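K.L.:
Dumping the structure here so I can ask a few things about it.
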Amino acid sequence: MKESIIGVDMGPLILGDPAYPLLDWLIKAYPENQNTPNWQRNFNYRLSRARMTAEDTLGRWKGRFRRVLKRIDTAVRSACYLVAASCILHNICELRKDDFLEEWLEDVHNAVE
């Protein structure tokens, strides 16, 4: 699962926030101050947009399948199947533009607090 980008083989990356360390498989924003070059600010902006997209998607998935907001008392293998199946169903619902009630997100926000 690697792709060559400007002659460099890149594997999958996880988008992290500033609290995480920079690792080979985890990418995070550059620290910003008044001397931060524009190309780093632009990178940070695009990384932030990508993270927001992922967070919004996960929020909608959790809103649609609220069972994942709580502890899943089952074998790891079964939990993996449950998560995979709910992701597939969520994607089908999104592609079909099925109704999504904004109030479902309230449960997601309340579960975080």
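So you can find residues: chains in the structure tokens are A, B, ... in the order shown, residues in each start at 1, and ligands are numbered from 1 in order.
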From the DSSP assignment of the backbone, select every residue of chain A that is helix (DSSP H, G or I), and format the answer as a PyMOL selection string.

P.N.:
chain A and resi 38-64+66-69+76-95+103-112

K.L.:
Find the residues near Ile72 (chain A): any atom within 12 Å, counting only C-alpha atoms, skip ones fewer than 6 places away on the same chain, and give them as a PDB file with N, CA and C atoms, in the first residue's frame.

P.N.:
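part_12.pdb written:
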```pdb
ATOM      1  N   ARG A  66     -25.233   4.545  16.965  1.00  0.00           N
ATOM      2  CA  ARG A  66     -24.902   4.989  18.328  1.00  0.00           C
ATOM      3  C   ARG A  66     -24.385   3.882  19.223  1.00  0.00           C
ATOM      4  N   SER A  78     -15.420 -10.177  16.577  1.00  0.00           N
ATOM      5  CA  SER A  78     -16.813  -9.786  16.343  1.00  0.00           C
ATOM      6  C   SER A  78     -16.962  -8.265  16.313  1.00  0.00           C
ATOM      7  N   ALA A  79     -16.238  -7.579  17.184  1.00  0.00           N
ATOM      8  CA  ALA A  79     -16.286  -6.112  17.202  1.00  0.00           C
ATOM      9  C   ALA A  79     -15.763  -5.550  15.885  1.00  0.00           C
ATOM     10  N   CYS A  80     -14.717  -6.159  15.346  1.00  0.00           N
ATOM     11  CA  CYS A  80     -14.179  -5.725  14.046  1.00  0.00           C
ATOM     12  C   CYS A  80     -15.220  -5.880  12.949  1.00  0.00           C
ATOM     13  N   TYR A  81     -15.940  -7.004  12.968  1.00  0.00           N
ATOM     14  CA  TYR A  81     -17.013  -7.219  11.980  1.00  0.00           C
ATOM     15  C   TYR A  81     -18.118  -6.185  12.153  1.00  0.00           C
ATOM     16  N   LEU A  82     -18.479  -5.896  13.393  1.00  0.00           N
ATOM     17  CA  LEU A  82     -19.525  -4.922  13.680  1.00  0.00           C
ATOM     18  C   LEU A  82     -19.135  -3.543  13.144  1.00  0.00           C
ATOM     19  N   VAL A  83     -17.909  -3.131  13.417  1.00  0.00           N
ATOM     20  CA  VAL A  83     -17.439  -1.824  12.954  1.00  0.00           C
ATOM     21  C   VAL A  83     -17.380  -1.787  11.426  1.00  0.00           C
TER      22      VAL A  83
END
```

K.L.:
Let me make sure I understand: among A:Met10, A:Ala111, A:Ala19, A:Ile5, which one has the smallest atom-to-atom distance to Arg67 (chain A) if we use only C-alpha atoms?

P.N.:
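Distance minimum relative to Arg67 (chain A) lands on A:Ala111.
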
K.L.:
Using only C-alpha atoms, which protein or nucleic acid residues come within 8 Å of region 28-37 of chain A? Drop anything in the same chain fewer than 2 positions from it, and give the result as a compact mmCIF listing (two decimals) with C-alpha atoms, in the first residue's frame.

P.N.:
```txt
# COMPACT_ATOMS: atom_id res chain seq x y z
CA LEU A 15 -3.57 12.59 10.60
CA GLY A 16 -2.79 13.73 14.13
CA ASP A 17 -3.30 16.88 16.13
CA PRO A 18 -0.42 18.85 17.67
CA TYR A 20 0.90 13.76 19.12
CA PRO A 21 4.57 13.21 18.31
CA LEU A 22 5.65 13.27 14.68
CA LEU A 26 1.60 9.93 11.84
CA TRP A 39 4.02 27.08 2.68
CA GLN A 40 3.90 25.65 6.24
CA ARG A 41 0.76 27.67 7.03
CA PHE A 43 0.15 22.80 4.75
CA ASN A 44 -1.35 23.27 8.24
CA LEU A 47 -4.12 19.19 7.06
CA SER A 48 -6.71 20.81 9.33
```

K.L.:
Fewer than 4 positions away in the same chain doesn't count, so skip those; otherwise give me all residues within 9 Å of region 93-101 of chain A, counting only C-alpha atoms, as a PyMOL selection string.

P.N.:
chain A and resi 60+63-64+88-89+105
